[in-house]
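K.L.:
Starting off with a structure, shown below.
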There are 2 protein chains.
Amino acid sequence: MYQKFEDIGGSAHSAERLQSLRAALKRLSLTGFMLPRSDEFQNEFVAADAEQLLWLTGFSGSWGEAVILEDRAGLVIDGRYELQASKQIDVGAYDLININRSSLSKWLGEHLKAGDRLGYDPRLHTVSQVERLGKIVAAAKAELVAVEPNPLAELWTDRPASKLEPISLQPLEFAGVSANDKILDIQNKLVRSGSDAVVIGPLDSIAWLFNIRGRDLPHTPFVIAYAMIPAAGKARLFIDGRKLTSHIRHALSEVAIIAEPSERSAYLSELGKQKAVVQLDSSSVSQWYLTQLKHAGATIRKERDPCTLPKARKNDAEVSGARAAHLRDGVAVSRFLAWFEKAALPDALDEISVARRLEEFRRESNLMRDISFDTIAAAGPNGAIVHYRPTFASNRKIEAGSLFLIDSGAQYNDGTTDLTRTLAVGTPTGEMRRHYTLVLKGHIALATARFPEKTRGSHIDAFARRPLWEAGLDFDHGTGHGVGSFLSVHEGPQSISRRDSAALEAGMIVSNEPGFYREGEYGIRIENLLLVTPLEDIPGGERPMMGFETLTLAPYDRALIDKALLRNDEIAWIDAYHQRVFGELGEQVDDETRTWLGKATAALRRPDL
Amino acid sequence: MYQKFEDIGGSAHSAERLQSLRAALKRLSLTGFMLPRSDEFQNEFVAADAEQLLWLTGFSGSWGEAVILEDRAGLVIDGRYELQASKQIDVGAYDLININRSSLSKWLGEHLKAGDRLGYDPRLHTVSQVERLGKIVAAAKAELVAVEPNPLAELWTDRPASKLEPISLQPLEFAGVSANDKILDIQNKLVRSGSDAVVIGPLDSIAWLFNIRGRDLPHTPFVIAYAMIPAAGKARLFIDGRKLTSHIRHALSEVAIIAEPSERSAYLSELGKQKAVVQLDSSSVSQWYLTQLKHAGATIRKERDPCTLPKARKNDAEVSGARAAHLRDGVAVSRFLAWFEKAALPDALDEISVARRLEEFRRESNLMRDISFDTIAAAGPNGAIVHYRPTFASNRKIEAGSLFLIDSGAQYNDGTTDLTRTLAVGTPTGEMRRHYTLVLKGHIALATARFPEKTRGSHIDAFARRPLWEAGLDFDHGTGHGVGSFLSVHEGPQSISRRDSAALEAGMIVSNEPGFYREGEYGIRIENLLLVTPLEDIPGGERPMMGFETLTLAPYDRALIDKALLRNDEIAWIDAYHQRVFGELGEQVDDETRTWLGKATAALRRPDL
């Protein structure tokens, strides 16, 4: 299984570890230390040996930051983790700093003393984060001190070893553009903007740029590596050589000079000696680079990561791959849905057994490389916890009259998937059907949107919310996130949310996942992935417009659709989508699933209308 | 007449004035000078004696900036003024810098030389503008030099005298809150934030804060004055004493120390001597204040103008006033529309005669204090020029088979109005009706929107565009702007546009004016003002929602509505709105207008449906 259901975290060792850290800080003449959850690449999923915050505090959430002072400590979290954190950590030792109500800035303002020396590991914080933190610390007349090595290095004695999984090349058939061409394109941009080199921080950028994939992290096929591209000459890829077969080393050597990670400093010094202008993205590159480069004599220019936009705009090969991956995934998901409808009640399933069964269906394609994130299999009230993930402790039986929410995805060589379906178990109430249908109306309004160039996700996010808003309802998460191409299931710069983000461009993939959550009762979310596509000329139209192609193929639960709340054009859209789902999947599934699929995708509109 | 139709501008004196300015710059050891269109308050409508850009260049647009170098000059404009500017200025003497294609930064980058000394008048540029300009100039290794007095002062010998119109007090009945309470509220905020004083820059903030109105500027009832509020003690109002009757001086003296504008420097010095922390809004307060304060020893804190939000959130008295003003305005507009339908063709009207007639209808209430902006009366193709304003040179006859667009508003003691109607003259084409109906659908979608707290105009702007987007069409302006309460017809911070702006809050007024423009043929715009209102609890709803109350009362042209393109709920909305228009205006108009209004507001839906 790719998914683990063990309960991790907990404060059993918290006191002793906190004490040993404080002792170490004293030896370093520090009065405090910042420890974020992030690794040195700001990854969403981090390797076991990078789970420093979990080791220290016992908190296992995906975002958080500990701040340790001499006589006080705090754990910064956001609202979704308040309950979890309060269970996992020693609340006697740590103040919970919920950023929805307070802030690190406020907490430090109260507890940091003039003259304090607050340490941080410059590899774990981006340039922007250090800028912000620096201002907060300066306001308290204290000092922010970069500390190398991280004091946890000597304290965490049973730290797991780093993974040394072999890497693979992403073939041109799926990547669409060779690493050589991608690098040349970036070098041309560097020349045009007058930069001598660029530091590439994020691992998805590096994987995309060099067309490499790996298994160093859970659920995301990244390779732990470091990259710098000079405007002229060969790119630099710093990677543990033990992960490279001679074939792959040879292939990569054609586009880059391959070196060990420890050799980075030497290259940065060289750039400094050349008085190079080096650009980096301050929102993703760690402070460590900035310090090294400045020290060496380089000039820093802050620019957006040059991989971000070309990576987000999927090329023809990536688009074909995405379609193939979604077809394959749709087959597995349809088989799963047919199985679920039959098995759920008589077999008294629970969340974990369902998540396992879904992973099995996907594995049967023999092409799944991983799940793209831990499946959210949420029964009844667990569905209302937006970031729920089933564990042995939380695992819940699936009961008649409840809703079951399943949000899952897979990594295939040709693409990354992510879909959510909400399923009625037994007979749903009228209220469940009404709420489901309102969410579905928003989902359709976004899927059918047409929009001109320069439209941002924040401009059309409300399309997905309007039916809920009209009913006095809403949901507290974004409507959609970008998705990578056999890369991260959460990828920028585009999104569909109230927060301003990048303009939507042809080839970008975004999720379309409005929801509704009734605490203690049920959660509803309906998610497909959408591909931004230029539209054919519209008769009478004057401007080029874009729209979405729905990539995900899986039926909606007809038992939850209240037709009376739908307009004719919405019914027509559902019927057309269902017809397409049956058309594309029908031939590829077993007879039993096909029969089920035929019923699940039958038209809502009577054929005589 | 409040509106003037003379053609102003033109380059007759351009060469000699440019030459004399260059000579003056030489005497000041400057190699260049920046001259914006704005006055020292960043007003939209500026007094005749502040029209320095017009005097120098002959350009009469509402936004622009000249940059004069030793051997080259440029005029920065935006796209809407390209044609007008190229006609008005000496294109041999000035490069046209259209910010939709180029930028001041680019032009200065090409033409500013290292060592150049570029002068500017610190009263005419905000703090933010000087920051931006400073960066551009520094990049060219040149110097930005504040110049006092403005060199134009001695060159512009026939400059009109400043107006000295008497000011009036805005009665509590319309203002809702006394100046004393408003000032106390700001002083409390200053104390809480640790500021010792605040500079209030914009004239609408000053008029709002002291509940004063005047006639110093066209179309906006502002008073030219300056204000500073200390955290403790009396507010300071600097105003030309000749504008004050003894009654008003006495009333104002209860809330402020009244002084002449020339006494400002002394007060700023005093703040400096006290080492005061003085806050100012860098987007509206001029650099002159910043320099004076810093020089005197004060500490500057950049904060939003404390008047902006309370001014935008209309209180109950202001809301009642807005309703009364719109009812009164609706009566005048309905009389005008009835007249227009009858007179347009047989009388061979032209734009100017129509604009004059509309102003007369409004004057007949005896309560209009001014029009709120120059009426856009645009026949046929002139309607497609978004910022059109009729002049004797552009004046166009109204012809059968064309569309007539009229965008106008009035200033009443109790409120400011602004509405646009597009009217069919004779029989419209099917295409005109289709485009009109698409615009109307967007207008209705915005008018009927419900949304939760923290929703910004940029989140719902697309509601007004979606029907056009679906047809491959769009319009190139914002959907709505804020409107003042017997103040500016364009007021921030809220707006309905793609650009991010402030959250919509109860009591804010915004316009709802989508459009469609076919160059060389016709323009369509439909505009009502909307009041943001909290909604009653929605059955089944869980969250407080807000919506809009339509303030404007005037029928849409039924001849332009293509019912086949409307959904039933849209037809029902138009019918309900028309019923309300007839209900509210019917009793207040003459018999002939009432008869016309009855027909104009008849239901679109057949009564048996």
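Note on naming: chains are A, B, ... as they come in the structure tokens, residues start from 1 per chain, ligands start from 1 in the order shown.
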Quick one: contact table of chain A to chain B, 6 Å max, nearest atom pair and distance in Å to one decimal per residue, counting only C-alpha atoms, chain and number order, as CSV?
P.N.:
residue,atom,partner,partner_atom,distance
A:Arg450,CA,B:Glu470,CA,5.7
A:Phe451,CA,B:Trp469,CA,5.6
A:His459,CA,B:His459,CA,5.2
A:Trp469,CA,B:Phe451,CA,5.6
A:Glu470,CA,B:Arg450,CA,5.7
A:Ala471,CA,B:Gly541,CA,5.5
A:Gly472,CA,B:Gly541,CA,3.9
A:Leu473,CA,B:Gly541,CA,5.6
A:Ile538,CA,B:Gly472,CA,5.7
A:Gly541,CA,B:Gly472,CA,3.9
A:Glu542,CA,B:Leu473,CA,5.7
A:Arg543,CA,B:Gly472,CA,5.5
K.L.:
Name the residues of segment 206-241 of chain B that fall into strand (DSSP E) according to DSSP on the backbone, using the chain letters and numbers of this document, as a list in words.
P.N.:
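Residues meeting the strand (DSSP E) criterion: Ile212, Arg213, Tyr226, Ala227, Met228, Ile229, Pro230, Ala235, Arg236, Leu237 and Phe238 of chain B.
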K.L.:
Could you turn the residues from that selection into a file that holds N, CA, C and O atoms, as a PDB file, in the first residue's frame?
P.N.:
ATOM      1  N   ILE B 212     -18.603  69.791   5.464  1.00  0.00           N
ATOM      2  CA  ILE B 212     -18.664  71.041   4.691  1.00  0.00           C
ATOM      3  C   ILE B 212     -18.748  70.722   3.202  1.00  0.00           C
ATOM      4  O   ILE B 212     -18.294  69.663   2.753  1.00  0.00           O
ATOM      5  N   ARG B 213     -19.387  71.620   2.459  1.00  0.00           N
ATOM      6  CA  ARG B 213     -19.453  71.481   1.014  1.00  0.00           C
ATOM      7  C   ARG B 213     -19.186  72.844   0.400  1.00  0.00           C
ATOM      8  O   ARG B 213     -19.393  73.874   1.057  1.00  0.00           O
ATOM      9  N   TYR B 226      -7.172  72.225   3.747  1.00  0.00           N
ATOM     10  CA  TYR B 226      -6.155  71.273   4.202  1.00  0.00           C
ATOM     11  C   TYR B 226      -6.477  70.920   5.646  1.00  0.00           C
ATOM     12  O   TYR B 226      -6.941  71.781   6.392  1.00  0.00           O
ATOM     13  N   ALA B 227      -6.236  69.654   6.016  1.00  0.00           N
ATOM     14  CA  ALA B 227      -6.603  69.287   7.381  1.00  0.00           C
ATOM     15  C   ALA B 227      -5.565  68.383   8.017  1.00  0.00           C
ATOM     16  O   ALA B 227      -4.956  67.536   7.357  1.00  0.00           O
ATOM     17  N   MET B 228      -5.383  68.594   9.306  1.00  0.00           N
ATOM     18  CA  MET B 228      -4.556  67.700  10.105  1.00  0.00           C
ATOM     19  C   MET B 228      -5.253  67.477  11.433  1.00  0.00           C
ATOM     20  O   MET B 228      -5.823  68.424  11.990  1.00  0.00           O
ATOM     21  N   ILE B 229      -5.233  66.226  11.881  1.00  0.00           N
ATOM     22  CA  ILE B 229      -5.915  65.907  13.132  1.00  0.00           C
ATOM     23  C   ILE B 229      -4.895  65.389  14.120  1.00  0.00           C
ATOM     24  O   ILE B 229      -4.280  64.348  13.890  1.00  0.00           O
ATOM     25  N   PRO B 230      -4.694  66.085  15.233  1.00  0.00           N
ATOM     26  CA  PRO B 230      -3.820  65.542  16.270  1.00  0.00           C
ATOM     27  C   PRO B 230      -4.597  64.519  17.104  1.00  0.00           C
ATOM     28  O   PRO B 230      -5.831  64.572  17.158  1.00  0.00           O
ATOM     29  N   ALA B 235      -8.779  69.571  16.051  1.00  0.00           N
ATOM     30  CA  ALA B 235      -8.388  69.374  14.653  1.00  0.00           C
ATOM     31  C   ALA B 235      -7.940  70.702  14.061  1.00  0.00           C
ATOM     32  O   ALA B 235      -8.288  71.766  14.562  1.00  0.00           O
ATOM     33  N   ARG B 236      -7.148  70.623  12.992  1.00  0.00           N
ATOM     34  CA  ARG B 236      -6.696  71.829  12.290  1.00  0.00           C
ATOM     35  C   ARG B 236      -7.316  71.843  10.905  1.00  0.00           C
ATOM     36  O   ARG B 236      -7.170  70.882  10.151  1.00  0.00           O
ATOM     37  N   LEU B 237      -7.984  72.950  10.584  1.00  0.00           N
ATOM     38  CA  LEU B 237      -8.537  73.115   9.240  1.00  0.00           C
ATOM     39  C   LEU B 237      -7.933  74.382   8.653  1.00  0.00           C
ATOM     40  O   LEU B 237      -8.124  75.479   9.186  1.00  0.00           O
ATOM     41  N   PHE B 238      -7.187  74.239   7.580  1.00  0.00           N
ATOM     42  CA  PHE B 238      -6.527  75.381   6.936  1.00  0.00           C
ATOM     43  C   PHE B 238      -7.333  75.747   5.695  1.00  0.00           C
ATOM     44  O   PHE B 238      -7.461  74.937   4.777  1.00  0.00           O
TER      45      PHE B 238
END
K.L.:
Figure out the distance between atom CA of Ile524 of chain A and atom CA of Thr429 of chain A, please, to one decimal in Å.
P.N.:
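Atom CA of Ile524 of chain A lies at a distance of 13.3 Å from atom CA of Thr429 of chain A.
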K.L.:
So that I can see what lies close to segment 589-600 of chain A, please list as a PDB file with N, CA, C and O atoms, in the first residue's frame the residues with an atom at most 8 Å from it, counting only C-alpha atoms and leaving out residues fewer than 6 positions away in the same chain.
P.N.:
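As written to disk, result-v1.pdb reads:
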ATOM      1  N   VAL A 331     -11.333   4.381 -15.439  1.00  0.00           N
ATOM      2  CA  VAL A 331     -11.673   2.954 -15.459  1.00  0.00           C
ATOM      3  C   VAL A 331     -11.592   2.401 -14.034  1.00  0.00           C
ATOM      4  O   VAL A 331     -12.521   1.747 -13.538  1.00  0.00           O
ATOM      5  N   SER A 334     -14.357   3.919 -11.815  1.00  0.00           N
ATOM      6  CA  SER A 334     -15.688   3.391 -12.111  1.00  0.00           C
ATOM      7  C   SER A 334     -15.850   1.986 -11.555  1.00  0.00           C
ATOM      8  O   SER A 334     -16.905   1.636 -11.017  1.00  0.00           O
ATOM      9  N   ARG A 335     -14.813   1.170 -11.688  1.00  0.00           N
ATOM     10  CA  ARG A 335     -14.881  -0.177 -11.115  1.00  0.00           C
ATOM     11  C   ARG A 335     -15.066  -0.079  -9.596  1.00  0.00           C
ATOM     12  O   ARG A 335     -15.855  -0.796  -9.000  1.00  0.00           O
ATOM     13  N   ALA A 338     -18.697   1.069  -8.816  1.00  0.00           N
ATOM     14  CA  ALA A 338     -19.646  -0.028  -8.997  1.00  0.00           C
ATOM     15  C   ALA A 338     -19.551  -0.999  -7.813  1.00  0.00           C
ATOM     16  O   ALA A 338     -20.562  -1.451  -7.265  1.00  0.00           O
ATOM     17  N   PRO A 555     -18.820   9.054 -13.053  1.00  0.00           N
ATOM     18  CA  PRO A 555     -20.187   9.569 -12.885  1.00  0.00           C
ATOM     19  C   PRO A 555     -20.396  10.261 -11.546  1.00  0.00           C
ATOM     20  O   PRO A 555     -19.733   9.953 -10.558  1.00  0.00           O
ATOM     21  N   TYR A 556     -21.317  11.232 -11.537  1.00  0.00           N
ATOM     22  CA  TYR A 556     -21.816  11.814 -10.288  1.00  0.00           C
ATOM     23  C   TYR A 556     -22.887  10.874  -9.754  1.00  0.00           C
ATOM     24  O   TYR A 556     -23.504  10.130 -10.507  1.00  0.00           O
ATOM     25  N   ASP A 557     -23.138  10.931  -8.461  1.00  0.00           N
ATOM     26  CA  ASP A 557     -24.141  10.041  -7.876  1.00  0.00           C
ATOM     27  C   ASP A 557     -25.541  10.588  -8.154  1.00  0.00           C
ATOM     28  O   ASP A 557     -25.958  11.588  -7.565  1.00  0.00           O
ATOM     29  N   ARG A 558     -26.274   9.916  -9.062  1.00  0.00           N
ATOM     30  CA  ARG A 558     -27.601  10.405  -9.451  1.00  0.00           C
ATOM     31  C   ARG A 558     -28.569  10.446  -8.264  1.00  0.00           C
ATOM     32  O   ARG A 558     -29.503  11.246  -8.249  1.00  0.00           O
ATOM     33  N   PHE A 582     -19.622   7.379 -20.219  1.00  0.00           N
ATOM     34  CA  PHE A 582     -19.978   6.018 -20.646  1.00  0.00           C
ATOM     35  C   PHE A 582     -19.274   5.688 -21.958  1.00  0.00           C
ATOM     36  O   PHE A 582     -18.740   4.589 -22.136  1.00  0.00           O
TER      37      PHE A 582
END
K.L.:
What parts of segment 372-494 of chain A does DSSP call alpha helix (DSSP H)? I'd like the answer as a PyMOL selection string.
P.N.:
chain A and resi 430-447+457-470
K.L.:
Suppose we keep C-alpha atoms; can you now write the selection as a PDB file, in the first residue's frame?
P.N.:
ATOM      1  CA  GLY A 430     -33.886  15.815   0.963  1.00  0.00           C
ATOM      2  CA  GLU A 431     -31.472  18.235   2.581  1.00  0.00           C
ATOM      3  CA  MET A 432     -28.446  16.171   1.518  1.00  0.00           C
ATOM      4  CA  ARG A 433     -29.791  16.135  -2.046  1.00  0.00           C
ATOM      5  CA  ARG A 434     -30.439  19.866  -1.987  1.00  0.00           C
ATOM      6  CA  HIS A 435     -26.946  20.659  -0.722  1.00  0.00           C
ATOM      7  CA  TYR A 436     -25.342  18.216  -3.167  1.00  0.00           C
ATOM      8  CA  THR A 437     -27.253  19.758  -6.053  1.00  0.00           C
ATOM      9  CA  LEU A 438     -26.236  23.296  -5.082  1.00  0.00           C
ATOM     10  CA  VAL A 439     -22.593  22.199  -5.016  1.00  0.00           C
ATOM     11  CA  LEU A 440     -23.072  20.483  -8.367  1.00  0.00           C
ATOM     12  CA  LYS A 441     -24.585  23.648  -9.854  1.00  0.00           C
ATOM     13  CA  GLY A 442     -21.465  25.578  -8.840  1.00  0.00           C
ATOM     14  CA  HIS A 443     -19.247  22.814 -10.223  1.00  0.00           C
ATOM     15  CA  ILE A 444     -21.106  23.027 -13.561  1.00  0.00           C
ATOM     16  CA  ALA A 445     -21.002  26.847 -13.600  1.00  0.00           C
ATOM     17  CA  LEU A 446     -17.213  26.708 -13.369  1.00  0.00           C
ATOM     18  CA  ALA A 447     -16.833  23.824 -15.837  1.00  0.00           C
ATOM     19  CA  GLY A 457      -8.878  32.277 -10.975  1.00  0.00           C
ATOM     20  CA  SER A 458     -10.000  34.885  -8.441  1.00  0.00           C
ATOM     21  CA  HIS A 459     -12.230  36.412 -11.116  1.00  0.00           C
ATOM     22  CA  ILE A 460     -14.229  33.234 -11.694  1.00  0.00           C
ATOM     23  CA  ASP A 461     -14.083  31.529  -8.294  1.00  0.00           C
ATOM     24  CA  ALA A 462     -17.494  33.031  -7.457  1.00  0.00           C
ATOM     25  CA  PHE A 463     -19.101  31.168 -10.375  1.00  0.00           C
ATOM     26  CA  ALA A 464     -18.663  28.003  -8.311  1.00  0.00           C
ATOM     27  CA  ARG A 465     -20.024  29.642  -5.157  1.00  0.00           C
ATOM     28  CA  ARG A 466     -23.025  31.565  -6.463  1.00  0.00           C
ATOM     29  CA  PRO A 467     -25.621  28.776  -6.090  1.00  0.00           C
ATOM     30  CA  LEU A 468     -24.506  28.273  -2.479  1.00  0.00           C
ATOM     31  CA  TRP A 469     -24.362  32.028  -1.795  1.00  0.00           C
ATOM     32  CA  GLU A 470     -27.924  32.369  -3.051  1.00  0.00           C
TER      33      GLU A 470
END
K.L.:
Using only C-alpha atoms, which protein or nucleic acid residues come within 7 Å of Gly115 of chain A? Drop anything in the same chain fewer than 2 positions from it, and give the result as a CSV table (one decimal) with N, CA, C and O atoms, in the first residue's frame.
P.N.:
chain,number,residue,atom,x,y,z
A,113,LYS,N,12.4,39.1,23.8
A,113,LYS,CA,12.9,40.2,24.6
A,113,LYS,C,14.0,40.9,23.8
A,113,LYS,O,14.7,40.3,23.0
A,117,ARG,N,18.5,36.4,21.0
A,117,ARG,CA,19.1,35.9,19.7
A,117,ARG,C,18.3,34.7,19.3
A,117,ARG,O,18.4,33.6,19.9
A,141,LYS,N,13.6,44.4,18.9
A,141,LYS,CA,15.0,44.7,19.2
A,141,LYS,C,15.8,43.5,19.5
A,141,LYS,O,16.7,43.5,20.3
A,142,ALA,N,15.4,42.4,18.9
A,142,ALA,CA,16.2,41.1,19.1
A,142,ALA,C,16.9,40.8,17.8
A,142,ALA,O,16.9,41.6,16.8
A,143,GLU,N,17.6,39.7,17.8
A,143,GLU,CA,18.5,39.4,16.6
A,143,GLU,C,18.1,38.1,16.0
A,143,GLU,O,17.8,37.1,16.7
K.L.:
Could you list, as an mmCIF file with all heavy atoms, in the first residue's frame, every residue within 7 Å of segment 82-96 of chain B, counting only C-alpha atoms and ignoring same-chain residues fewer than 5 positions away?
P.N.:
data_model
loop_
_atom_site.group_PDB
_atom_site.id
_atom_site.type_symbol
_atom_site.label_atom_id
_atom_site.label_comp_id
_atom_site.auth_asym_id
_atom_site.auth_seq_id
_atom_site.Cartn_x
_atom_site.Cartn_y
_atom_site.Cartn_z
ATOM 1 N N GLY B 9 -8.397 73.093 -25.121
ATOM 2 C CA GLY B 9 -7.154 72.448 -25.498
ATOM 3 C C GLY B 9 -6.702 72.887 -26.872
ATOM 4 O O GLY B 9 -7.302 73.747 -27.510
ATOM 5 N N GLY B 10 -5.604 72.289 -27.322
ATOM 6 C CA GLY B 10 -5.041 72.651 -28.610
ATOM 7 C C GLY B 10 -3.658 73.260 -28.418
ATOM 8 O O GLY B 10 -3.335 73.780 -27.348
ATOM 9 N N SER B 11 -2.858 73.172 -29.468
ATOM 10 C CA SER B 11 -1.424 73.429 -29.302
ATOM 11 C C SER B 11 -0.997 74.811 -29.791
ATOM 12 O O SER B 11 0.174 75.041 -30.063
ATOM 13 C CB SER B 11 -0.629 72.358 -30.037
ATOM 14 O OG SER B 11 -0.988 72.375 -31.408
ATOM 15 N N SER B 14 1.678 76.085 -27.662
ATOM 16 C CA SER B 14 2.517 75.022 -27.113
ATOM 17 C C SER B 14 4.015 75.331 -27.241
ATOM 18 O O SER B 14 4.764 75.229 -26.271
ATOM 19 C CB SER B 14 2.171 73.727 -27.838
ATOM 20 O OG SER B 14 2.860 72.664 -27.282
ATOM 21 N N THR B 57 0.542 71.935 -22.460
ATOM 22 C CA THR B 57 0.582 71.030 -23.622
ATOM 23 C C THR B 57 -0.610 71.173 -24.541
ATOM 24 O O THR B 57 -0.553 70.756 -25.688
ATOM 25 C CB THR B 57 0.606 69.559 -23.154
ATOM 26 O OG1 THR B 57 -0.651 69.280 -22.495
ATOM 27 C CG2 THR B 57 1.748 69.296 -22.193
ATOM 28 N N GLY B 58 -1.732 71.704 -24.025
ATOM 29 C CA GLY B 58 -2.950 71.760 -24.827
ATOM 30 C C GLY B 58 -3.787 70.496 -24.718
ATOM 31 O O GLY B 58 -4.845 70.383 -25.336
ATOM 32 N N PHE B 59 -3.343 69.541 -23.891
ATOM 33 C CA PHE B 59 -4.084 68.289 -23.723
ATOM 34 C C PHE B 59 -5.111 68.457 -22.601
ATOM 35 O O PHE B 59 -4.762 68.863 -21.493
ATOM 36 C CB PHE B 59 -3.113 67.157 -23.400
ATOM 37 C CG PHE B 59 -3.788 65.866 -23.014
ATOM 38 C CD1 PHE B 59 -4.614 65.193 -23.919
ATOM 39 C CD2 PHE B 59 -3.598 65.319 -21.746
ATOM 40 C CE1 PHE B 59 -5.234 64.000 -23.558
ATOM 41 C CE2 PHE B 59 -4.217 64.123 -21.388
ATOM 42 C CZ PHE B 59 -5.030 63.472 -22.298
ATOM 43 N N ALA B 73 10.510 65.896 -25.205
ATOM 44 C CA ALA B 73 9.440 65.923 -24.221
ATOM 45 C C ALA B 73 8.459 64.795 -24.529
ATOM 46 O O ALA B 73 8.392 64.311 -25.662
ATOM 47 C CB ALA B 73 8.719 67.265 -24.241
ATOM 48 N N GLY B 74 7.740 64.347 -23.496
ATOM 49 C CA GLY B 74 6.772 63.276 -23.702
ATOM 50 C C GLY B 74 5.483 63.605 -22.967
ATOM 51 O O GLY B 74 5.476 64.392 -22.011
ATOM 52 N N LEU B 75 4.400 63.026 -23.454
ATOM 53 C CA LEU B 75 3.129 63.155 -22.743
ATOM 54 C C LEU B 75 2.614 61.746 -22.482
ATOM 55 O O LEU B 75 2.348 60.988 -23.418
ATOM 56 C CB LEU B 75 2.108 63.948 -23.574
ATOM 57 C CG LEU B 75 0.723 64.077 -22.921
ATOM 58 C CD1 LEU B 75 0.780 64.967 -21.673
ATOM 59 C CD2 LEU B 75 -0.307 64.622 -23.913
ATOM 60 N N VAL B 76 2.518 61.404 -21.188
ATOM 61 C CA VAL B 76 2.036 60.084 -20.796
ATOM 62 C C VAL B 76 0.513 60.126 -20.784
ATOM 63 O O VAL B 76 -0.090 60.995 -20.136
ATOM 64 C CB VAL B 76 2.546 59.708 -19.386
ATOM 65 C CG1 VAL B 76 2.130 58.289 -19.027
ATOM 66 C CG2 VAL B 76 4.056 59.875 -19.293
ATOM 67 N N ILE B 77 -0.120 59.192 -21.474
ATOM 68 C CA ILE B 77 -1.589 59.113 -21.502
ATOM 69 C C ILE B 77 -1.989 57.649 -21.417
ATOM 70 O O ILE B 77 -1.140 56.766 -21.472
ATOM 71 C CB ILE B 77 -2.159 59.698 -22.820
ATOM 72 C CG1 ILE B 77 -1.416 59.065 -24.004
ATOM 73 C CG2 ILE B 77 -2.046 61.212 -22.864
ATOM 74 C CD1 ILE B 77 -2.217 58.932 -25.237
#
K.L.:
If we count only C-alpha atoms and set the cut-off at 12 Å, which residues sit around Tyr267 of chain A, ignoring sequence neighbours fewer than 3 positions away in its own chain? Please answer as an NGL selection string.
P.N.:
:A and (197 or 199 or 226-230 or 235-238 or 257-264 or 270-274 or 276 or 289 or 292-293 or 296 or 298)
K.L.:
Figure out the distance between atom CA of Thr126 of chain B and atom CA of Val277 of chain B, please, to one decimal in Å.
P.N.:
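Atom-to-atom, atom CA of Val277 of chain B to atom CA of Thr126 of chain B, that is 19.1 Å.
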K.L.:
Between atom CA of Asn395 of chain B and atom CA of Phe361 of chain B, what is the distance, to one decimal in Å?
P.N.:
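Atom CA of Asn395 of chain B sits 20.5 Å away from atom CA of Phe361 of chain B.
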K.L.:
Looking at A:Ala410, A:Leu133, A:Ala332, A:Ile224, which one is nearest to Ala47 of chain A, with distances taken over only C-alpha atoms?
P.N.:
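Smallest separation from Ala47 of chain A among the options: A:Ile224.
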K.L.:
Excluding same-chain residues fewer than 3 positions from Arg421 of chain A, what lies within 8 Å of it counting only C-alpha atoms, as number ranges by chain?
P.N.:
A: 405-407, 525-527, 556-557
K.L.:
Take the selection from the previous step and output its residues with N, CA, C and O atoms, as a compact mmCIF listing (two decimals), in the first residue's frame.
P.N.:
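Everything below was put into again_23.txt:
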# COMPACT_ATOMS: atom_id res chain seq x y z
N LEU A 405 -17.61 10.57 1.42
CA LEU A 405 -16.84 11.47 0.56
C LEU A 405 -15.49 10.83 0.29
O LEU A 405 -14.78 10.43 1.22
N ILE A 406 -15.15 10.70 -0.99
CA ILE A 406 -13.85 10.11 -1.31
C ILE A 406 -13.10 10.98 -2.30
O ILE A 406 -13.55 11.25 -3.40
N ASP A 407 -11.96 11.48 -1.84
CA ASP A 407 -11.11 12.42 -2.58
C ASP A 407 -9.77 11.72 -2.75
O ASP A 407 -9.10 11.41 -1.76
N ARG A 525 -18.29 17.22 -1.50
CA ARG A 525 -17.35 17.88 -2.41
C ARG A 525 -17.43 17.14 -3.74
O ARG A 525 -17.55 15.91 -3.76
N ILE A 526 -17.38 17.86 -4.81
CA ILE A 526 -17.42 17.27 -6.15
C ILE A 526 -16.25 17.85 -6.91
O ILE A 526 -16.14 19.07 -7.05
N GLU A 527 -15.33 17.00 -7.33
CA GLU A 527 -14.09 17.49 -7.94
C GLU A 527 -13.75 16.78 -9.24
O GLU A 527 -13.66 15.56 -9.30
N TYR A 556 -21.32 11.23 -11.54
CA TYR A 556 -21.82 11.81 -10.29
C TYR A 556 -22.89 10.87 -9.75
O TYR A 556 -23.50 10.13 -10.51
N ASP A 557 -23.14 10.93 -8.46
CA ASP A 557 -24.14 10.04 -7.88
C ASP A 557 -25.54 10.59 -8.15
O ASP A 557 -25.96 11.59 -7.56
